[in-house]
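S.K.: Have a peek at input.txt (compact mmCIF, N, CA and C atoms).
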```txt
# COMPACT_ATOMS: atom_id res chain seq x y z
N ALA A 165 264.35 -18.41 266.91
CA ALA A 165 265.23 -17.47 267.58
C ALA A 165 264.45 -16.17 267.84
N PRO A 166 264.82 -15.43 268.84
CA PRO A 166 264.11 -14.19 269.13
C PRO A 166 264.40 -13.06 268.13
N ARG A 167 265.47 -13.20 267.33
CA ARG A 167 265.81 -12.19 266.31
C ARG A 167 266.71 -12.85 265.27
N TRP A 168 266.83 -12.22 264.11
CA TRP A 168 267.68 -12.74 263.05
C TRP A 168 269.12 -12.84 263.53
N GLY A 169 269.76 -13.94 263.25
CA GLY A 169 271.15 -14.13 263.61
C GLY A 169 271.37 -14.65 265.02
N ALA A 170 270.32 -14.69 265.84
CA ALA A 170 270.46 -15.19 267.21
C ALA A 170 270.49 -16.71 267.19
N PRO A 171 271.10 -17.31 268.19
CA PRO A 171 271.09 -18.77 268.27
C PRO A 171 269.66 -19.29 268.42
N PHE A 172 269.39 -20.43 267.80
CA PHE A 172 268.04 -20.99 267.93
C PHE A 172 267.86 -21.53 269.34
N GLU A 173 266.60 -21.58 269.75
CA GLU A 173 266.28 -22.08 271.09
C GLU A 173 264.89 -22.72 271.08
N VAL A 174 264.66 -23.59 272.03
CA VAL A 174 263.35 -24.21 272.20
C VAL A 174 262.49 -23.23 273.00
N MET A 175 261.27 -22.95 272.51
CA MET A 175 260.38 -22.00 273.18
C MET A 175 259.03 -22.64 273.43
N ASN A 176 258.40 -22.26 274.51
CA ASN A 176 257.03 -22.68 274.76
C ASN A 176 256.09 -21.72 274.06
N VAL A 177 255.07 -22.27 273.42
CA VAL A 177 254.10 -21.46 272.70
C VAL A 177 252.93 -21.19 273.65
N PRO A 178 252.54 -19.91 273.81
CA PRO A 178 251.43 -19.58 274.71
C PRO A 178 250.10 -20.16 274.22
N LYS A 179 249.11 -20.17 275.10
CA LYS A 179 247.77 -20.59 274.71
C LYS A 179 247.30 -19.73 273.54
N PRO A 180 246.47 -20.28 272.66
CA PRO A 180 246.05 -19.51 271.49
C PRO A 180 245.13 -18.35 271.84
N ARG A 181 245.14 -17.38 270.93
CA ARG A 181 244.28 -16.20 271.07
C ARG A 181 242.82 -16.61 270.93
N HIS A 182 241.96 -15.94 271.69
CA HIS A 182 240.52 -16.22 271.64
C HIS A 182 239.97 -16.03 270.22
N GLY A 183 239.21 -17.00 269.75
CA GLY A 183 238.58 -16.93 268.44
C GLY A 183 239.46 -17.39 267.30
N SER A 184 240.68 -17.78 267.60
CA SER A 184 241.62 -18.19 266.54
C SER A 184 241.37 -19.64 266.11
N LEU A 185 241.92 -19.98 264.96
CA LEU A 185 241.86 -21.36 264.49
C LEU A 185 242.48 -22.30 265.51
N GLU A 186 243.61 -21.89 266.09
CA GLU A 186 244.27 -22.74 267.07
C GLU A 186 243.39 -22.98 268.29
N GLU A 187 242.61 -21.97 268.71
CA GLU A 187 241.71 -22.18 269.84
C GLU A 187 240.63 -23.20 269.49
N VAL A 188 240.10 -23.12 268.27
CA VAL A 188 239.09 -24.11 267.84
C VAL A 188 239.67 -25.51 267.93
N MET A 189 240.89 -25.68 267.45
CA MET A 189 241.51 -27.00 267.45
C MET A 189 241.83 -27.47 268.87
N VAL A 190 242.35 -26.57 269.71
CA VAL A 190 242.68 -26.94 271.08
C VAL A 190 241.43 -27.34 271.86
N GLU A 191 240.32 -26.66 271.61
CA GLU A 191 239.07 -26.97 272.33
C GLU A 191 238.40 -28.24 271.83
N SER A 192 238.83 -28.75 270.69
CA SER A 192 238.29 -30.02 270.22
C SER A 192 238.89 -31.14 271.07
N GLU A 193 238.39 -32.33 270.90
CA GLU A 193 238.93 -33.45 271.65
C GLU A 193 239.97 -34.23 270.86
N MET A 194 240.33 -33.72 269.69
CA MET A 194 241.29 -34.43 268.84
C MET A 194 242.70 -34.32 269.40
N GLU A 195 243.44 -35.40 269.29
CA GLU A 195 244.86 -35.38 269.61
C GLU A 195 245.68 -35.07 268.36
N ARG A 196 245.15 -35.49 267.21
CA ARG A 196 245.80 -35.22 265.93
C ARG A 196 244.76 -35.42 264.83
N GLY A 197 245.03 -34.85 263.67
CA GLY A 197 244.09 -35.02 262.57
C GLY A 197 244.69 -34.55 261.26
N LEU A 198 244.13 -35.04 260.18
CA LEU A 198 244.49 -34.61 258.84
C LEU A 198 243.22 -34.16 258.16
N PHE A 199 243.22 -32.92 257.69
CA PHE A 199 242.08 -32.36 256.98
C PHE A 199 242.50 -32.08 255.55
N VAL A 200 241.81 -32.65 254.61
CA VAL A 200 242.06 -32.41 253.19
C VAL A 200 240.82 -31.69 252.66
N PHE A 201 241.02 -30.51 252.08
CA PHE A 201 239.90 -29.65 251.73
C PHE A 201 239.49 -29.83 250.27
N SER A 202 238.19 -29.86 250.06
CA SER A 202 237.66 -29.89 248.70
C SER A 202 237.61 -28.45 248.17
N ASP A 203 237.24 -28.30 246.91
CA ASP A 203 237.14 -26.97 246.33
C ASP A 203 236.04 -26.14 246.97
N ARG A 204 235.02 -26.80 247.50
CA ARG A 204 233.89 -26.09 248.10
C ARG A 204 233.53 -26.74 249.44
N PRO A 205 234.32 -26.49 250.46
CA PRO A 205 234.03 -27.12 251.75
C PRO A 205 232.72 -26.61 252.33
N GLU A 206 232.00 -27.50 252.99
CA GLU A 206 230.71 -27.16 253.58
C GLU A 206 230.83 -26.66 255.02
N ALA A 207 231.80 -27.15 255.75
CA ALA A 207 231.91 -26.83 257.17
C ALA A 207 232.17 -25.33 257.38
N SER A 208 231.36 -24.72 258.23
CA SER A 208 231.47 -23.27 258.44
C SER A 208 232.81 -22.87 259.03
N TRP A 209 233.41 -23.73 259.86
CA TRP A 209 234.69 -23.34 260.47
C TRP A 209 235.82 -23.30 259.45
N LEU A 210 235.64 -23.96 258.30
CA LEU A 210 236.64 -23.90 257.23
C LEU A 210 236.49 -22.63 256.39
N ASN A 211 235.29 -22.05 256.39
CA ASN A 211 235.02 -20.86 255.58
C ASN A 211 235.07 -19.57 256.38
N ALA A 212 235.09 -19.66 257.70
CA ALA A 212 235.13 -18.46 258.54
C ALA A 212 236.54 -17.85 258.52
N THR A 213 236.59 -16.53 258.54
CA THR A 213 237.89 -15.86 258.65
C THR A 213 238.25 -15.79 260.12
N ARG A 214 239.38 -16.39 260.46
CA ARG A 214 239.86 -16.44 261.84
C ARG A 214 241.33 -16.08 261.87
N GLY A 215 241.80 -15.67 263.04
CA GLY A 215 243.23 -15.50 263.21
C GLY A 215 243.90 -16.87 263.18
N HIS A 216 245.04 -16.93 262.52
CA HIS A 216 245.79 -18.18 262.41
C HIS A 216 247.23 -17.87 262.81
N ARG A 217 247.72 -18.57 263.79
CA ARG A 217 249.06 -18.30 264.32
C ARG A 217 250.12 -18.64 263.29
N ALA A 218 251.02 -17.70 263.07
CA ALA A 218 252.13 -17.91 262.13
C ALA A 218 253.43 -17.79 262.92
N ILE A 219 254.09 -18.91 263.10
CA ILE A 219 255.38 -18.93 263.79
C ILE A 219 256.44 -19.28 262.76
N GLY A 220 257.42 -18.41 262.63
CA GLY A 220 258.46 -18.64 261.64
C GLY A 220 259.81 -18.80 262.29
N VAL A 221 260.84 -18.43 261.57
CA VAL A 221 262.21 -18.55 262.06
C VAL A 221 262.43 -17.64 263.26
N VAL A 222 261.88 -16.41 263.19
CA VAL A 222 261.99 -15.46 264.28
C VAL A 222 260.67 -15.47 265.04
N TYR A 223 260.72 -15.64 266.35
CA TYR A 223 259.50 -15.74 267.15
C TYR A 223 259.76 -15.20 268.55
N ASP A 224 258.82 -14.39 269.04
CA ASP A 224 258.90 -13.86 270.39
C ASP A 224 257.60 -14.21 271.10
N PRO A 225 257.61 -15.23 271.99
CA PRO A 225 256.38 -15.66 272.64
C PRO A 225 255.72 -14.57 273.48
N THR A 226 256.48 -13.57 273.94
CA THR A 226 255.88 -12.49 274.73
C THR A 226 255.03 -11.56 273.88
N ARG A 227 255.23 -11.59 272.57
CA ARG A 227 254.44 -10.74 271.66
C ARG A 227 253.51 -11.56 270.78
N ASP A 228 253.32 -12.80 271.14
CA ASP A 228 252.53 -13.73 270.33
C ASP A 228 251.16 -13.17 269.97
N HIS A 229 250.41 -12.69 270.94
CA HIS A 229 249.04 -12.25 270.69
C HIS A 229 248.96 -10.95 269.89
N GLN A 230 250.04 -10.17 269.85
CA GLN A 230 250.02 -8.91 269.10
C GLN A 230 250.45 -9.07 267.65
N GLN A 231 251.39 -9.98 267.37
CA GLN A 231 251.98 -9.96 266.03
C GLN A 231 252.03 -11.29 265.29
N ASN A 232 251.56 -12.35 265.87
CA ASN A 232 251.76 -13.65 265.22
C ASN A 232 250.51 -14.25 264.59
N TYR A 233 249.45 -13.48 264.46
CA TYR A 233 248.22 -14.02 263.88
C TYR A 233 247.90 -13.30 262.58
N VAL A 234 247.53 -14.08 261.59
CA VAL A 234 247.13 -13.53 260.29
C VAL A 234 245.69 -13.95 260.01
N PRO A 235 244.88 -13.05 259.41
CA PRO A 235 243.51 -13.43 259.07
C PRO A 235 243.53 -14.53 258.01
N THR A 236 242.78 -15.58 258.24
CA THR A 236 242.85 -16.75 257.36
C THR A 236 241.48 -17.38 257.18
N ARG A 237 241.14 -17.68 255.92
CA ARG A 237 240.05 -18.61 255.61
C ARG A 237 240.75 -19.91 255.29
N LEU A 238 240.67 -20.84 256.20
CA LEU A 238 241.48 -22.05 256.16
C LEU A 238 241.41 -22.78 254.83
N ALA A 239 240.22 -22.98 254.31
CA ALA A 239 240.07 -23.74 253.06
C ALA A 239 240.61 -22.97 251.86
N ASP A 240 240.77 -21.65 251.97
CA ASP A 240 241.37 -20.87 250.88
C ASP A 240 242.88 -20.84 250.97
N ARG A 241 243.42 -20.98 252.16
CA ARG A 241 244.88 -20.89 252.35
C ARG A 241 245.60 -22.20 252.08
N TYR A 242 244.96 -23.32 252.45
CA TYR A 242 245.64 -24.62 252.37
C TYR A 242 244.83 -25.64 251.58
N ASP A 243 245.54 -26.59 251.02
CA ASP A 243 244.89 -27.77 250.42
C ASP A 243 244.65 -28.82 251.50
N ALA A 244 245.48 -28.81 252.53
CA ALA A 244 245.35 -29.77 253.62
C ALA A 244 245.98 -29.17 254.87
N LEU A 245 245.59 -29.70 256.02
CA LEU A 245 246.12 -29.25 257.30
C LEU A 245 246.36 -30.47 258.17
N CYS A 246 247.54 -30.56 258.76
CA CYS A 246 247.84 -31.59 259.77
C CYS A 246 247.78 -30.91 261.12
N TRP A 247 247.07 -31.51 262.05
CA TRP A 247 246.94 -30.96 263.40
C TRP A 247 247.53 -31.95 264.40
N PHE A 248 248.38 -31.45 265.27
CA PHE A 248 248.96 -32.24 266.35
C PHE A 248 248.82 -31.45 267.63
N ARG A 249 248.18 -32.03 268.62
CA ARG A 249 248.00 -31.34 269.90
C ARG A 249 249.35 -31.10 270.57
N ARG A 250 250.22 -32.08 270.51
CA ARG A 250 251.54 -31.96 271.14
C ARG A 250 252.63 -32.21 270.10
N THR A 251 253.63 -31.37 270.14
CA THR A 251 254.79 -31.54 269.25
C THR A 251 256.04 -31.24 270.06
N SER A 252 257.17 -31.46 269.45
CA SER A 252 258.43 -31.07 270.08
C SER A 252 259.24 -30.29 269.07
N ALA A 253 260.22 -29.58 269.57
CA ALA A 253 261.04 -28.73 268.72
C ALA A 253 261.81 -29.57 267.69
N LEU A 254 261.95 -29.01 266.50
CA LEU A 254 262.77 -29.64 265.47
C LEU A 254 264.23 -29.37 265.76
N GLU A 255 265.07 -30.27 265.32
CA GLU A 255 266.50 -30.06 265.45
C GLU A 255 267.11 -30.11 264.06
N PRO A 256 267.99 -29.18 263.73
CA PRO A 256 268.57 -29.18 262.38
C PRO A 256 269.40 -30.43 262.11
N LEU A 257 269.33 -30.88 260.86
CA LEU A 257 270.16 -32.02 260.46
C LEU A 257 271.63 -31.62 260.42
N HIS A 258 271.87 -30.40 259.97
CA HIS A 258 273.22 -29.85 259.97
C HIS A 258 273.10 -28.32 259.94
N LEU A 259 274.05 -27.65 260.52
CA LEU A 259 274.03 -26.19 260.57
C LEU A 259 274.86 -25.62 259.44
N GLU A 260 274.34 -24.56 258.86
CA GLU A 260 275.08 -23.85 257.81
C GLU A 260 275.15 -22.39 258.18
N THR A 261 276.26 -21.76 257.93
CA THR A 261 276.40 -20.34 258.15
C THR A 261 275.70 -19.60 257.02
N ALA A 262 274.89 -18.60 257.37
CA ALA A 262 274.19 -17.81 256.35
C ALA A 262 275.20 -17.01 255.54
N ARG A 263 274.95 -16.93 254.25
CA ARG A 263 275.82 -16.12 253.39
C ARG A 263 275.65 -14.65 253.76
N SER A 264 276.70 -13.87 253.66
CA SER A 264 276.63 -12.46 254.02
C SER A 264 275.77 -11.67 253.04
N ASP A 265 275.61 -12.16 251.80
CA ASP A 265 274.79 -11.44 250.81
C ASP A 265 273.34 -11.94 250.79
N GLU A 266 273.00 -12.84 251.71
CA GLU A 266 271.65 -13.39 251.76
C GLU A 266 270.71 -12.42 252.46
N LEU A 267 269.60 -12.08 251.80
CA LEU A 267 268.65 -11.14 252.37
C LEU A 267 267.74 -11.85 253.36
N GLU A 268 267.32 -11.10 254.39
CA GLU A 268 266.30 -11.59 255.29
C GLU A 268 264.96 -11.54 254.56
N THR A 269 263.94 -12.09 255.19
CA THR A 269 262.63 -12.04 254.57
C THR A 269 261.96 -10.71 254.83
N LEU A 270 260.87 -10.46 254.11
CA LEU A 270 260.13 -9.22 254.27
C LEU A 270 259.64 -9.08 255.71
N PRO A 271 259.51 -7.91 256.25
CA PRO A 271 259.79 -6.63 255.63
C PRO A 271 261.21 -6.14 255.87
N SER A 272 261.97 -6.82 256.73
CA SER A 272 263.27 -6.29 257.12
C SER A 272 264.35 -6.45 256.07
N GLY A 273 264.15 -7.33 255.09
CA GLY A 273 265.18 -7.57 254.09
C GLY A 273 265.07 -6.66 252.86
N VAL A 274 264.10 -5.75 252.88
CA VAL A 274 263.87 -4.88 251.71
C VAL A 274 264.79 -3.71 251.76
```
Translate this file's structure into structure tokens.
M.R.:
Amino acid sequence: APRWGAPFEVMNVPKPRHGSLEEVMVESEMERGLFVFSDRPEASWLNATRGHRAIGVVYDPTRDHQQNYVPTRLADRYDALCWFRRTSALEPLHLETARSDELETLPSGV
């Protein structure tokens, strides 16, 4: 959704930011892959700090390049990574109304 409490919607994700992990993956020829990281990975792209796109419950594709990337050393952040070139939007199994006393996530819920 574009903001907390807004109805969910299917959104197109823009092309990845230059130099980001997503750009590395998009430029590869892989359609999908599973990467399981050891304690000491050798591959330089796993140890390099790159921007990594973070899309959560609230997302604004028009501001993607300004606010949706976090600095990440992939092998330090994850034990494994699944990569899919193409995906489709998830659909909820069932909808629940948020409790009125439920806090939003940081930083707006503080």
S.K.: Assign secondary structure with DSSP using the backbone only, and return the residues of chain A in strand (DSSP E) as a ChimeraX atom specification.
M.R.: /A:196-200,213-217,233-237,244-248
S.K.: Applying 6 Å and only C-alpha atoms, which residues near Pro166 of chain A remain after dropping the ones on its own chain fewer than 2 positions away? List them as a ChimeraX atom specification.
M.R.: /A:222-224
S.K.: Output N, CA and C atoms for every residue in the selection just made, as a tab-separated table (two decimals), in the coordinates of the input.
M.R.:
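Just written: out30.tsv:
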```tsv
chain	number	residue	atom	x	y	z
A	222	VAL	N	261.88	-16.41	263.19
A	222	VAL	CA	261.99	-15.46	264.28
A	222	VAL	C	260.67	-15.47	265.04
A	223	TYR	N	260.72	-15.64	266.35
A	223	TYR	CA	259.50	-15.74	267.15
A	223	TYR	C	259.76	-15.20	268.55
A	224	ASP	N	258.82	-14.39	269.04
A	224	ASP	CA	258.90	-13.86	270.39
A	224	ASP	C	257.60	-14.21	271.10
```
S.K.: State, in Å with one decimal place, the distance from atom CA of Arg214 of chain A to atom CA of Met175 of chain A.
M.R.: 24.1 Å
S.K.: Just how far from atom CA of Pro256 of chain A is atom CA of Thr236 of chain A, in Å to one decimal?
M.R.: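 Those two atoms sit 29.0 Å apart.
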S.K.: Excluding Asp240 of chain A and its own-chain neighbours fewer than 5 positions away, which residues fall within 9 Å of it when counting only C-alpha atoms? Please give them as a compact mmCIF listing (two decimals) with N, CA and C atoms, in the frame of the given file.
M.R.:
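Below is the file that was written, part_27.txt:
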```txt
# COMPACT_ATOMS: atom_id res chain seq x y z
N PHE A 201 241.02 -30.51 252.08
CA PHE A 201 239.90 -29.65 251.73
C PHE A 201 239.49 -29.83 250.27
N ASP A 203 237.24 -28.30 246.91
CA ASP A 203 237.14 -26.97 246.33
C ASP A 203 236.04 -26.14 246.97
N LEU A 210 235.64 -23.96 258.30
CA LEU A 210 236.64 -23.90 257.23
C LEU A 210 236.49 -22.63 256.39
N ASN A 211 235.29 -22.05 256.39
CA ASN A 211 235.02 -20.86 255.58
C ASN A 211 235.07 -19.57 256.38
```
S.K.: I need the residues in segment 222-268 of chain A that are alpha helix (DSSP H) according to DSSP; give them as a list in words.
M.R.: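 The alpha helix (DSSP H) residues within segment 222-268 of chain A come out as Asp228, His229, Gln230, Gln231, Leu238, Ala239, Asp240 and Arg241 of chain A.
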S.K.: Starting from the point (252.7, -14.5, 277.9), work out which residues of protein, DNA or RNA have an atom no more than 6.5 Å away when counting all atoms listed in the file; state them as number ranges by chain.
M.R.: A: 178, 225-226
S.K.: With all atoms of segment 176-185 of chain A from the file as input, state the centre and edge lengths in Å to one decimal of the axis-aligned box that has 3 Å extra on each side, as AutoDock Vina command-line options.
M.R.:
```
--center_x 248.5 --center_y -19.3 --center_z 269.8 --size_x 25.8 --size_y 12.7 --size_z 16.6
```
S.K.: Expressed in Å to a single decimal, how great is the separation between atom CA of Arg196 of chain A and atom N of Trp247 of chain A?
M.R.: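 Atom-to-atom, atom CA of Arg196 of chain A and atom N of Trp247 of chain A are spaced 5.5 Å apart.
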S.K.: Find the residues with any atom within 8 Å of (245.4, -30.6, 256.4); use all atoms listed in the file and the coordinates as given in the file, and write the answer as a VMD selection string.
M.R.: chain A and resid 197 to 201 242 to 247
S.K.: Export N, CA and C atoms of the chosen residues as a PDB file, in the frame of the given file?
M.R.:
```
ATOM      1  N   GLY A 197     245.030 -34.850 263.670  1.00  0.00           N
ATOM      2  CA  GLY A 197     244.090 -35.020 262.570  1.00  0.00           C
ATOM      3  C   GLY A 197     244.690 -34.550 261.260  1.00  0.00           C
ATOM      4  N   LEU A 198     244.130 -35.040 260.180  1.00  0.00           N
ATOM      5  CA  LEU A 198     244.490 -34.610 258.840  1.00  0.00           C
ATOM      6  C   LEU A 198     243.220 -34.160 258.160  1.00  0.00           C
ATOM      7  N   PHE A 199     243.220 -32.920 257.690  1.00  0.00           N
ATOM      8  CA  PHE A 199     242.080 -32.360 256.980  1.00  0.00           C
ATOM      9  C   PHE A 199     242.500 -32.080 255.550  1.00  0.00           C
ATOM     10  N   VAL A 200     241.810 -32.650 254.610  1.00  0.00           N
ATOM     11  CA  VAL A 200     242.060 -32.410 253.190  1.00  0.00           C
ATOM     12  C   VAL A 200     240.820 -31.690 252.660  1.00  0.00           C
ATOM     13  N   PHE A 201     241.020 -30.510 252.080  1.00  0.00           N
ATOM     14  CA  PHE A 201     239.900 -29.650 251.730  1.00  0.00           C
ATOM     15  C   PHE A 201     239.490 -29.830 250.270  1.00  0.00           C
ATOM     16  N   TYR A 242     244.960 -23.320 252.450  1.00  0.00           N
ATOM     17  CA  TYR A 242     245.640 -24.620 252.370  1.00  0.00           C
ATOM     18  C   TYR A 242     244.830 -25.640 251.580  1.00  0.00           C
ATOM     19  N   ASP A 243     245.540 -26.590 251.020  1.00  0.00           N
ATOM     20  CA  ASP A 243     244.890 -27.770 250.420  1.00  0.00           C
ATOM     21  C   ASP A 243     244.650 -28.820 251.500  1.00  0.00           C
ATOM     22  N   ALA A 244     245.480 -28.810 252.530  1.00  0.00           N
ATOM     23  CA  ALA A 244     245.350 -29.770 253.620  1.00  0.00           C
ATOM     24  C   ALA A 244     245.980 -29.170 254.870  1.00  0.00           C
ATOM     25  N   LEU A 245     245.590 -29.700 256.020  1.00  0.00           N
ATOM     26  CA  LEU A 245     246.120 -29.250 257.300  1.00  0.00           C
ATOM     27  C   LEU A 245     246.360 -30.470 258.170  1.00  0.00           C
ATOM     28  N   CYS A 246     247.540 -30.560 258.760  1.00  0.00           N
ATOM     29  CA  CYS A 246     247.840 -31.590 259.770  1.00  0.00           C
ATOM     30  C   CYS A 246     247.780 -30.910 261.120  1.00  0.00           C
ATOM     31  N   TRP A 247     247.070 -31.510 262.050  1.00  0.00           N
ATOM     32  CA  TRP A 247     246.940 -30.960 263.400  1.00  0.00           C
ATOM     33  C   TRP A 247     247.530 -31.950 264.400  1.00  0.00           C
TER      34      TRP A 247
END
```
S.K.: Between A:Arg237, A:Arg250, A:His258, A:Arg167, which one has atoms that come closest to Ala207 of chain A, using only C-alpha atoms?
M.R.: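 Between A:Arg237, A:Arg250, A:His258, A:Arg167, the residue approaching Ala207 of chain A most closely is A:Arg237.
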S.K.: Which of these, A:Ser252, A:Thr213, A:Val221, A:Leu257, has the shortest distance to Gly183 of chain A once you count all atoms listed in the file?
M.R.: A:Thr213
S.K.: Smallest atom-to-atom distance to Thr251 of chain A: which of A:Arg181, A:Pro171, A:Pro235, A:Glu195, using only C-alpha atoms?
M.R.: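 Of A:Arg181, A:Pro171, A:Pro235, A:Glu195, the one nearest Thr251 of chain A is A:Glu195, counting only C-alpha atoms.
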S.K.: Could you add whatever atoms are missing so that segment 239-254 of chain A carries N, CA, C and O atoms, then write the result as a PDB file, in the frame of the given file?
M.R.:
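Just written: result-v2.pdb:
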```
ATOM      1  N   ALA A 239     240.220 -22.980 254.310  1.00  0.00           N
ATOM      2  CA  ALA A 239     240.070 -23.740 253.060  1.00  0.00           C
ATOM      3  C   ALA A 239     240.610 -22.970 251.860  1.00  0.00           C
ATOM      4  O   ALA A 239     240.902 -23.582 250.831  1.00  0.00           O
ATOM      5  N   ASP A 240     240.770 -21.650 251.970  1.00  0.00           N
ATOM      6  CA  ASP A 240     241.370 -20.870 250.880  1.00  0.00           C
ATOM      7  C   ASP A 240     242.880 -20.840 250.970  1.00  0.00           C
ATOM      8  O   ASP A 240     243.569 -20.670 249.975  1.00  0.00           O
ATOM      9  N   ARG A 241     243.420 -20.980 252.160  1.00  0.00           N
ATOM     10  CA  ARG A 241     244.880 -20.890 252.350  1.00  0.00           C
ATOM     11  C   ARG A 241     245.600 -22.200 252.080  1.00  0.00           C
ATOM     12  O   ARG A 241     246.701 -22.220 251.565  1.00  0.00           O
ATOM     13  N   TYR A 242     244.960 -23.320 252.450  1.00  0.00           N
ATOM     14  CA  TYR A 242     245.640 -24.620 252.370  1.00  0.00           C
ATOM     15  C   TYR A 242     244.830 -25.640 251.580  1.00  0.00           C
ATOM     16  O   TYR A 242     243.615 -25.567 251.531  1.00  0.00           O
ATOM     17  N   ASP A 243     245.540 -26.590 251.020  1.00  0.00           N
ATOM     18  CA  ASP A 243     244.890 -27.770 250.420  1.00  0.00           C
ATOM     19  C   ASP A 243     244.650 -28.820 251.500  1.00  0.00           C
ATOM     20  O   ASP A 243     243.728 -29.623 251.390  1.00  0.00           O
ATOM     21  N   ALA A 244     245.480 -28.810 252.530  1.00  0.00           N
ATOM     22  CA  ALA A 244     245.350 -29.770 253.620  1.00  0.00           C
ATOM     23  C   ALA A 244     245.980 -29.170 254.870  1.00  0.00           C
ATOM     24  O   ALA A 244     246.783 -28.235 254.799  1.00  0.00           O
ATOM     25  N   LEU A 245     245.590 -29.700 256.020  1.00  0.00           N
ATOM     26  CA  LEU A 245     246.120 -29.250 257.300  1.00  0.00           C
ATOM     27  C   LEU A 245     246.360 -30.470 258.170  1.00  0.00           C
ATOM     28  O   LEU A 245     245.485 -31.325 258.307  1.00  0.00           O
ATOM     29  N   CYS A 246     247.540 -30.560 258.760  1.00  0.00           N
ATOM     30  CA  CYS A 246     247.840 -31.590 259.770  1.00  0.00           C
ATOM     31  C   CYS A 246     247.780 -30.910 261.120  1.00  0.00           C
ATOM     32  O   CYS A 246     248.375 -29.845 261.312  1.00  0.00           O
ATOM     33  N   TRP A 247     247.070 -31.510 262.050  1.00  0.00           N
ATOM     34  CA  TRP A 247     246.940 -30.960 263.400  1.00  0.00           C
ATOM     35  C   TRP A 247     247.530 -31.950 264.400  1.00  0.00           C
ATOM     36  O   TRP A 247     247.215 -33.137 264.359  1.00  0.00           O
ATOM     37  N   PHE A 248     248.380 -31.450 265.270  1.00  0.00           N
ATOM     38  CA  PHE A 248     248.960 -32.240 266.350  1.00  0.00           C
ATOM     39  C   PHE A 248     248.820 -31.450 267.630  1.00  0.00           C
ATOM     40  O   PHE A 248     249.310 -30.322 267.715  1.00  0.00           O
ATOM     41  N   ARG A 249     248.180 -32.030 268.620  1.00  0.00           N
ATOM     42  CA  ARG A 249     248.000 -31.340 269.900  1.00  0.00           C
ATOM     43  C   ARG A 249     249.350 -31.100 270.570  1.00  0.00           C
ATOM     44  O   ARG A 249     249.596 -30.055 271.145  1.00  0.00           O
ATOM     45  N   ARG A 250     250.220 -32.080 270.510  1.00  0.00           N
ATOM     46  CA  ARG A 250     251.540 -31.960 271.140  1.00  0.00           C
ATOM     47  C   ARG A 250     252.630 -32.210 270.100  1.00  0.00           C
ATOM     48  O   ARG A 250     252.542 -33.163 269.334  1.00  0.00           O
ATOM     49  N   THR A 251     253.630 -31.370 270.140  1.00  0.00           N
ATOM     50  CA  THR A 251     254.790 -31.540 269.250  1.00  0.00           C
ATOM     51  C   THR A 251     256.040 -31.240 270.060  1.00  0.00           C
ATOM     52  O   THR A 251     255.972 -30.805 271.204  1.00  0.00           O
ATOM     53  N   SER A 252     257.170 -31.460 269.450  1.00  0.00           N
ATOM     54  CA  SER A 252     258.430 -31.070 270.080  1.00  0.00           C
ATOM     55  C   SER A 252     259.240 -30.290 269.070  1.00  0.00           C
ATOM     56  O   SER A 252     258.970 -30.321 267.875  1.00  0.00           O
ATOM     57  N   ALA A 253     260.220 -29.580 269.570  1.00  0.00           N
ATOM     58  CA  ALA A 253     261.040 -28.730 268.720  1.00  0.00           C
ATOM     59  C   ALA A 253     261.810 -29.570 267.690  1.00  0.00           C
ATOM     60  O   ALA A 253     262.247 -30.681 267.983  1.00  0.00           O
ATOM     61  N   LEU A 254     261.950 -29.010 266.500  1.00  0.00           N
ATOM     62  CA  LEU A 254     262.770 -29.640 265.470  1.00  0.00           C
ATOM     63  C   LEU A 254     264.230 -29.370 265.760  1.00  0.00           C
ATOM     64  O   LEU A 254     264.586 -28.350 266.337  1.00  0.00           O
TER      65      LEU A 254
END
```
